[in-house]
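Source file: structure.txt. Holds: compact mmCIF, C-alpha atoms.
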```
# COMPACT_ATOMS: atom_id res chain seq x y z
CA MET A 732 36.84 14.62 11.61
CA THR A 733 38.36 14.76 8.14
CA VAL A 734 35.93 15.93 5.46
CA HIS A 735 36.66 15.75 1.75
CA GLU A 736 36.82 19.11 -0.05
CA ILE A 737 34.56 19.01 -3.10
CA ASP A 738 33.80 21.38 -5.97
CA TYR A 739 30.26 21.71 -7.26
CA LYS A 740 27.93 23.46 -9.70
CA ILE A 741 24.13 23.69 -9.55
CA TYR A 742 22.16 23.50 -12.81
CA GLY A 743 18.55 24.32 -13.66
CA GLU A 744 15.84 26.57 -12.32
CA GLU A 745 12.69 24.73 -11.16
CA MET A 746 14.04 21.16 -11.29
CA GLN A 747 17.67 21.48 -10.24
CA PHE A 748 20.55 19.07 -9.95
CA VAL A 749 23.99 19.49 -8.40
CA GLU A 750 27.12 18.30 -10.21
CA ILE A 751 29.99 17.47 -7.86
CA GLU A 752 33.57 17.23 -9.08
CA LEU A 753 35.71 14.75 -7.16
CA ASP A 754 39.48 14.77 -7.05
CA PRO A 755 41.24 11.37 -6.90
CA GLN A 756 40.18 9.39 -3.79
CA GLU A 757 37.52 11.95 -2.84
CA GLY A 758 33.98 10.87 -2.03
CA VAL A 759 30.46 12.16 -1.53
CA VAL A 760 27.60 10.66 0.50
CA ALA A 761 24.04 10.83 -0.82
CA GLU A 762 20.49 10.05 0.24
CA ALA A 763 18.88 7.05 -1.44
CA GLY A 764 17.03 7.94 -4.65
CA THR A 765 18.88 11.18 -5.42
CA PHE A 766 21.54 9.80 -7.80
CA MET A 767 21.30 11.12 -11.38
CA MET A 768 24.50 10.29 -13.33
CA MET A 769 28.25 9.79 -12.95
CA ASP A 770 31.45 9.57 -14.99
CA ASP A 771 33.25 6.31 -15.59
CA GLY A 772 35.68 5.51 -12.79
CA ILE A 773 33.40 6.42 -9.89
CA LYS A 774 32.51 3.52 -7.62
CA MET A 775 29.41 3.22 -5.46
CA LYS A 776 29.49 1.74 -1.98
CA THR A 777 26.49 1.29 0.30
CA ILE A 778 27.44 1.73 3.94
CA PHE A 779 25.70 0.99 7.23
CA SER A 780 26.57 4.24 8.97
CA ASP A 781 25.85 7.95 9.35
CA GLY A 782 28.21 9.05 6.56
CA SER A 783 31.10 10.31 8.70
CA SER A 784 34.66 9.12 8.17
CA LYS A 785 35.24 8.10 11.78
CA ASN A 786 36.61 4.62 12.38
CA LYS A 787 33.65 2.93 14.01
CA GLY A 788 32.96 -0.51 15.37
CA PHE A 789 30.02 -2.61 14.33
CA LEU A 790 27.81 -1.49 17.22
CA ASP A 791 28.57 2.18 16.58
CA SER A 792 27.64 1.69 12.91
CA ILE A 793 24.34 0.09 13.90
CA LEU A 794 23.60 2.97 16.27
CA GLY A 795 24.42 5.57 13.60
CA ALA A 796 22.25 3.81 11.03
CA GLY A 797 19.45 3.27 13.54
CA LYS A 798 19.22 7.00 14.16
CA ARG A 799 18.34 7.44 10.48
CA ILE A 800 15.35 5.13 10.93
CA LEU A 801 13.92 7.63 13.43
CA THR A 802 13.94 10.33 10.73
CA GLY A 803 12.11 8.06 8.26
CA GLU A 804 15.20 7.49 6.08
CA SER A 805 16.85 4.28 4.92
CA LEU A 806 19.20 2.31 7.18
CA PHE A 807 21.88 2.59 4.50
CA ILE A 808 23.57 5.52 2.81
CA THR A 809 25.46 5.51 -0.50
CA VAL A 810 29.03 6.75 -0.96
CA PHE A 811 30.45 7.62 -4.38
CA TYR A 812 34.27 7.43 -4.62
CA ASN A 813 36.61 8.59 -7.38
CA ASN A 814 39.10 5.74 -7.76
CA LEU A 815 40.98 7.16 -10.76
CA ASN A 816 43.96 9.49 -10.93
CA ASP A 817 42.09 12.43 -12.50
CA ARG A 818 38.91 14.31 -11.71
CA ARG A 819 35.48 12.76 -12.17
CA LYS A 820 31.93 14.12 -11.80
CA VAL A 821 28.77 12.76 -10.20
CA SER A 822 25.34 14.44 -10.16
CA PHE A 823 22.36 14.33 -7.82
CA ALA A 824 18.85 15.59 -8.63
CA SER A 825 16.20 17.29 -6.52
CA PRO A 826 13.18 15.03 -5.85
CA TYR A 827 10.52 17.62 -6.75
CA PRO A 828 10.35 21.23 -8.01
CA GLY A 829 12.38 23.59 -5.88
CA LYS A 830 15.89 24.77 -5.09
CA ILE A 831 19.09 23.04 -4.01
CA ILE A 832 20.81 24.95 -1.20
CA PRO A 833 24.59 24.61 -0.69
CA ILE A 834 25.49 24.67 3.01
CA ASP A 835 29.09 25.35 3.98
CA LEU A 836 29.19 23.91 7.49
CA ARG A 837 32.37 25.82 8.27
CA ALA A 838 30.37 29.05 8.06
CA PHE A 839 27.84 27.69 10.59
CA ASN A 840 30.28 26.47 13.26
CA GLY A 841 30.12 22.91 12.00
CA LYS A 842 26.41 22.20 12.47
CA PHE A 843 23.16 22.77 10.57
CA ILE A 844 19.68 21.53 11.53
CA CYS A 845 17.17 20.66 8.79
CA GLN A 846 13.88 18.92 8.18
CA LYS A 847 14.17 15.15 8.05
CA ASP A 848 13.52 14.93 4.28
CA ALA A 849 15.63 17.94 3.22
CA PHE A 850 19.09 16.33 3.00
CA LEU A 851 20.33 15.60 -0.54
CA CYS A 852 24.10 14.88 -0.40
CA ALA A 853 27.31 15.97 1.32
CA ALA A 854 31.07 15.63 1.22
CA LYS A 855 32.36 12.35 2.62
CA GLY A 856 33.04 12.88 6.30
CA VAL A 857 29.95 14.97 7.05
CA SER A 858 27.88 13.21 9.72
CA ILE A 859 24.12 12.92 9.13
CA GLY A 860 22.48 12.48 12.53
CA ILE A 861 19.31 13.37 14.38
CA GLU A 862 18.37 16.40 16.46
CA PHE A 863 15.80 15.88 19.23
CA SER A 864 13.63 18.74 20.42
CA LYS A 865 13.98 19.56 24.08
CA LYS A 866 10.59 21.25 24.13
CA LEU A 867 7.37 19.26 24.54
CA GLY A 868 5.20 21.70 22.56
CA ARG A 869 7.49 21.56 19.56
CA GLY A 870 7.52 17.76 19.71
CA LEU A 871 3.76 17.33 19.94
CA PHE A 872 2.59 20.05 17.60
CA GLY A 873 5.54 20.85 15.34
CA GLY A 874 3.95 19.39 12.23
CA GLU A 875 7.19 17.62 11.26
CA GLY A 876 7.60 16.13 14.75
CA PHE A 877 10.33 16.61 17.32
CA ILE A 878 13.00 14.72 15.36
CA MET A 879 15.00 16.68 12.80
CA GLN A 880 18.25 15.95 10.98
CA LYS A 881 21.56 17.52 11.94
CA LEU A 882 24.51 17.83 9.58
CA GLU A 883 27.88 18.07 11.34
CA GLY A 884 31.39 18.54 10.01
CA ASN A 885 33.51 21.15 8.24
CA GLY A 886 32.62 20.51 4.59
CA MET A 887 29.87 21.12 2.05
CA ALA A 888 26.35 19.71 2.35
CA PHE A 889 23.33 20.17 0.09
CA VAL A 890 19.68 20.35 1.12
CA HIS A 891 16.53 20.72 -0.96
CA ALA A 892 13.72 23.27 -0.60
CA GLY A 893 10.34 22.98 -2.34
CA GLY A 894 9.15 25.83 -4.54
CA THR A 895 11.01 29.10 -3.96
CA MET A 896 13.54 29.43 -1.16
CA ALA A 897 13.82 32.41 1.20
CA LYS A 898 16.90 32.99 3.34
CA LYS A 899 16.40 35.06 6.50
CA GLU A 900 19.21 36.45 8.64
CA LEU A 901 17.78 37.00 12.11
CA ARG A 902 19.35 39.47 14.50
CA SER A 903 19.66 38.69 18.19
CA GLY A 904 16.13 38.61 19.66
CA GLU A 905 14.43 39.01 16.27
CA VAL A 906 11.41 36.70 15.86
CA LEU A 907 10.06 35.11 12.67
CA ARG A 908 6.77 33.15 12.62
CA VAL A 909 6.52 30.46 9.94
CA ASP A 910 4.18 27.66 8.88
CA THR A 911 5.69 24.55 10.46
CA GLY A 912 5.95 22.69 7.15
CA CYS A 913 7.74 25.57 5.41
CA ILE A 914 10.94 25.34 7.44
CA VAL A 915 13.89 23.86 5.52
CA GLY A 916 16.54 24.34 8.18
CA PHE A 917 18.36 26.75 10.46
CA THR A 918 21.65 27.28 12.26
CA GLN A 919 22.22 25.88 15.74
CA ASP A 920 21.89 29.23 17.53
CA VAL A 921 18.29 29.79 16.38
CA ASP A 922 15.70 29.14 19.10
CA TYR A 923 12.84 27.09 17.64
CA ASP A 924 9.45 26.63 19.34
CA ILE A 925 5.76 26.21 18.53
CA GLU A 926 3.05 28.80 19.24
CA PHE A 927 -0.75 28.54 19.28
CA ILE A 928 -2.33 30.82 16.70
CA GLY A 929 -5.10 31.92 19.04
CA GLY A 930 -8.67 33.03 18.38
CA ILE A 931 -11.51 30.59 17.73
CA ARG A 932 -12.17 31.93 14.22
CA ASN A 933 -8.50 31.72 13.30
CA THR A 934 -8.36 28.15 14.59
CA VAL A 935 -11.57 26.86 13.00
CA PHE A 936 -11.80 28.89 9.78
CA GLY A 937 -8.27 30.17 9.14
CA GLY A 938 -7.19 27.16 7.12
CA GLU A 939 -3.57 27.57 8.26
CA GLY A 940 -3.54 25.03 11.07
CA VAL A 941 -3.62 25.57 14.81
CA PHE A 942 0.10 26.15 15.42
CA PHE A 943 2.98 27.94 13.75
CA ALA A 944 6.72 27.85 14.30
CA ARG A 945 8.44 30.62 16.22
CA LEU A 946 12.08 31.18 15.26
CA GLN A 947 14.17 33.60 17.32
CA GLY A 948 17.60 34.84 16.35
CA PRO A 949 20.45 35.23 16.12
CA GLY A 950 21.03 32.92 13.18
CA THR A 951 20.15 31.98 9.62
CA VAL A 952 16.85 30.38 8.59
CA TYR A 953 15.90 28.83 5.22
CA ILE A 954 12.19 28.79 4.29
CA GLN A 955 10.45 26.94 1.43
CA SER A 956 7.31 28.17 -0.30
CA LEU A 957 6.05 24.70 -1.29
CA PRO A 958 6.54 21.87 1.23
CA PHE A 959 6.15 18.45 -0.38
CA SER A 960 3.31 17.58 2.01
CA ARG A 961 1.34 20.59 0.71
CA LEU A 962 2.06 19.68 -2.91
CA ALA A 963 1.02 16.07 -2.34
CA GLY A 964 -2.17 17.19 -0.61
CA ARG A 965 -3.21 19.34 -3.55
CA VAL A 966 -2.49 16.50 -6.01
CA LEU A 967 -4.54 14.04 -3.97
CA ALA A 968 -7.40 16.52 -3.64
CA ALA A 969 -7.52 16.96 -7.43
CA ALA A 970 -7.21 13.23 -8.23
CA PRO A 971 -10.31 11.38 -9.54
CA LYS A 972 -12.32 9.72 -6.77
CA GLY A 973 -13.60 6.18 -7.15
CA GLY A 974 -12.45 5.82 -10.75
CA GLY A 975 -14.52 8.77 -11.99
CA LYS A 976 -13.38 11.74 -14.06
CA ASP A 977 -11.39 14.48 -12.42
CA LYS A 978 -13.10 17.64 -11.36
CA GLY A 979 -13.21 20.42 -13.93
CA GLU A 980 -10.59 23.12 -13.50
CA GLY A 981 -11.03 26.80 -14.10
CA SER A 982 -14.80 26.71 -14.46
CA ILE A 983 -17.88 26.15 -12.33
CA LEU A 984 -19.23 24.14 -15.28
CA GLY A 985 -17.01 21.19 -14.37
CA GLY A 986 -16.85 18.66 -17.22
CA LEU A 987 -18.55 21.07 -19.63
CA GLY A 988 -15.80 23.54 -18.82
CA ASP A 989 -13.26 20.95 -19.99
CA LEU A 990 -14.89 20.97 -23.43
CA LEU A 991 -14.62 24.74 -23.59
CA ASP A 992 -10.97 24.91 -22.54
CA GLY A 993 -9.77 22.26 -24.98
CA ASP A 994 -9.68 19.20 -22.72
CA ASN A 995 -11.80 16.91 -24.90
CA ARG A 996 -10.66 13.54 -23.61
CA PHE A 997 -13.38 11.08 -22.56
```
Since I need it in another form, could you write the structure as structure tokens?
Amino acid sequence: MTVHEIDYKIYGEEMQFVEIELDPQEGVVAEAGTFMMMDDGIKMKTIFSDGSSKNKGFLDSILGAGKRILTGESLFITVFYNNLNDRRKVSFASPYPGKIIPIDLRAFNGKFICQKDAFLCAAKGVSIGIEFSKKLGRGLFGGEGFIMQKLEGNGMAFVHAGGTMAKKELRSGEVLRVDTGCIVGFTQDVDYDIEFIGGIRNTVFGGEGVFFARLQGPGTVYIQSLPFSRLAGRVLAAAPKGGGKDKGEGSILGGLGDLLDGDNRF
């Protein structure tokens, strides 16, 4: 398939955004809710498809869009086209603190597998599909389920990692064990499965869950230090319950500790 060649630049540290420069008639596809800003002359078009540039019939478009429903994403995807005769820029922002990772699909034999909420944007022509697990254990206990996204094509794609990102290059046969929620994505040659932690004390009192992911090389793996589910869980745990005041932070004195540390709101 034909994929548009795009130039880009990533700005920021903790809350990043990617600025994409489009030549005349070039386009970029983006996940809903990631748009930040664009130059005059760029046109938006919402499509009922998987983002690729293949000529598809109506039923094929429905099938491509329906696959996105299985990953929890919107039926529609937005395309931004440069309709002018000179270059124009459009920017997309990360949804929460973390890093934007540029993925050159040509370097990964045209395919990259990522968590279902990691995709940010890609060059027009990149196909955003689904990747089913062929292993029952991974499907039942994988934390993020057995459905992941796959990005296919020969252009640039951008995914988002929460917190700090770690890139691991695994040699053939090398094994890396990871918290299931901390996986951002990996190349198609990586063997991914789920393992039981083992030990009754580890299971009951370890606080790290019952299963972890087992990744075996060769291939490239991207890991995030702060999955959004973990961030959301901490926020909910600290939120006031039943309309009361929040719990005091940094002190066993609770509300009295707030007075001592300068939080004097009532």
| request: Tell me which protein, DNA and RNA residues are within 8 Å of Tyr923 of chain A, counting all atoms listed in the file, leaving out same-chain ones fewer than 6 positions away, and put them as a ChimeraX atom specification. | output: /A:869,944-947
Identify, on the basis of all atoms listed in the file, every residue whose closest approach to segment 757-770 of chain A does not exceed 6 Å; exclude the query and any residue fewer than 4 positions from it along the same chain; express the result as a PDB file with C-alpha atoms, in the coordinates of the input.
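Below is the file selection20.pdb, written as the result:
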```
ATOM      1  CA  LEU A 753      35.710  14.750  -7.160  1.00  0.00           C
ATOM      2  CA  THR A 809      25.460   5.510  -0.500  1.00  0.00           C
ATOM      3  CA  VAL A 810      29.030   6.750  -0.960  1.00  0.00           C
ATOM      4  CA  PHE A 811      30.450   7.620  -4.380  1.00  0.00           C
ATOM      5  CA  TYR A 812      34.270   7.430  -4.620  1.00  0.00           C
ATOM      6  CA  ASN A 813      36.610   8.590  -7.380  1.00  0.00           C
ATOM      7  CA  ARG A 819      35.480  12.760 -12.170  1.00  0.00           C
ATOM      8  CA  LYS A 820      31.930  14.120 -11.800  1.00  0.00           C
ATOM      9  CA  VAL A 821      28.770  12.760 -10.200  1.00  0.00           C
ATOM     10  CA  SER A 822      25.340  14.440 -10.160  1.00  0.00           C
ATOM     11  CA  PHE A 823      22.360  14.330  -7.820  1.00  0.00           C
ATOM     12  CA  ALA A 824      18.850  15.590  -8.630  1.00  0.00           C
ATOM     13  CA  LEU A 851      20.330  15.600  -0.540  1.00  0.00           C
ATOM     14  CA  CYS A 852      24.100  14.880  -0.400  1.00  0.00           C
ATOM     15  CA  ALA A 853      27.310  15.970   1.320  1.00  0.00           C
ATOM     16  CA  ALA A 854      31.070  15.630   1.220  1.00  0.00           C
ATOM     17  CA  LYS A 855      32.360  12.350   2.620  1.00  0.00           C
TER      18      LYS A 855
END
```
| task | Excluding segment 885-900 of chain A and any residue of its chain fewer than 6 positions from it, enumerate the residues within 6 Å of it, using all atoms listed in the file, and give them as an NGL selection string. | result | :A and (734 or 828-837 or 841 or 849-854 or 951-958)
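We find atom CA of Met775 of chain A and atom CA of Tyr827 of chain A to be spaced 23.8 Å apart.
Closest to Pro755 of chain A among A:Cys913, A:Leu815, A:Ile741, A:Leu962 is A:Leu815, based on only C-alpha atoms.
Across the structure, atom CA of Ile737 of chain A and atom CA of Asp817 of chain A are spaced 13.7 Å apart.
Those residues that approach Asn816 of chain A to within 10 Å, counting all atoms listed in the file, are Asp754, Pro755, Gln756 and Gly772 of chain A; same-chain residues fewer than 5 positions away are not listed.
For the atom pair formed by atom CA of Thr911 of chain A and atom CA of Gly948 of chain A, the distance is 16.8 Å, given to one decimal.
Closest approach to Phe839 of chain A among A:Gly916, A:Gly950, A:Gly856, A:Gly904 is made by A:Gly950 (distances from all atoms listed in the file).
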| Which residue, A:Ile859, A:Ile878, A:Ile925, A:Cys845, has the smallest gap to Ile808 of chain A when you use only C-alpha atoms? | A:Ile859
Segment 766-779 of chain A: axis-aligned bounding box, 4 Å on each side, centre and edge lengths in Å, one decimal, as AutoDock Vina command-line options:
```
--center_x 28.5 --center_y 6.1 --center_z -4.2 --size_x 22.4 --size_y 18.1 --size_z 30.8
```
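Distance annotation: of A:Leu901, A:Val906, A:Ala968, A:Ser825, the residue with the minimal separation from Gly743 of chain A is A:Ser825; atom set is only C-alpha atoms.
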At a cut-off of 10 Å from (18.5, 21.7, 16.3) in the coordinates of the file, what residues are picked up using all atoms listed in the file, written as an mmCIF file with C-alpha atoms, in the frame of the given file?
```
data_model
loop_
_atom_site.group_PDB
_atom_site.id
_atom_site.type_symbol
_atom_site.label_atom_id
_atom_site.label_comp_id
_atom_site.auth_asym_id
_atom_site.auth_seq_id
_atom_site.Cartn_x
_atom_site.Cartn_y
_atom_site.Cartn_z
ATOM 1 C CA LYS A 842 26.410 22.200 12.470
ATOM 2 C CA PHE A 843 23.160 22.770 10.570
ATOM 3 C CA ILE A 844 19.680 21.530 11.530
ATOM 4 C CA CYS A 845 17.170 20.660 8.790
ATOM 5 C CA GLN A 846 13.880 18.920 8.180
ATOM 6 C CA ILE A 861 19.310 13.370 14.380
ATOM 7 C CA GLU A 862 18.370 16.400 16.460
ATOM 8 C CA PHE A 863 15.800 15.880 19.230
ATOM 9 C CA SER A 864 13.630 18.740 20.420
ATOM 10 C CA LYS A 865 13.980 19.560 24.080
ATOM 11 C CA PHE A 877 10.330 16.610 17.320
ATOM 12 C CA ILE A 878 13.000 14.720 15.360
ATOM 13 C CA MET A 879 15.000 16.680 12.800
ATOM 14 C CA GLN A 880 18.250 15.950 10.980
ATOM 15 C CA LYS A 881 21.560 17.520 11.940
ATOM 16 C CA LEU A 882 24.510 17.830 9.580
ATOM 17 C CA GLY A 916 16.540 24.340 8.180
ATOM 18 C CA PHE A 917 18.360 26.750 10.460
ATOM 19 C CA THR A 918 21.650 27.280 12.260
ATOM 20 C CA GLN A 919 22.220 25.880 15.740
ATOM 21 C CA ASP A 920 21.890 29.230 17.530
ATOM 22 C CA VAL A 921 18.290 29.790 16.380
ATOM 23 C CA ASP A 922 15.700 29.140 19.100
ATOM 24 C CA TYR A 923 12.840 27.090 17.640
#
```
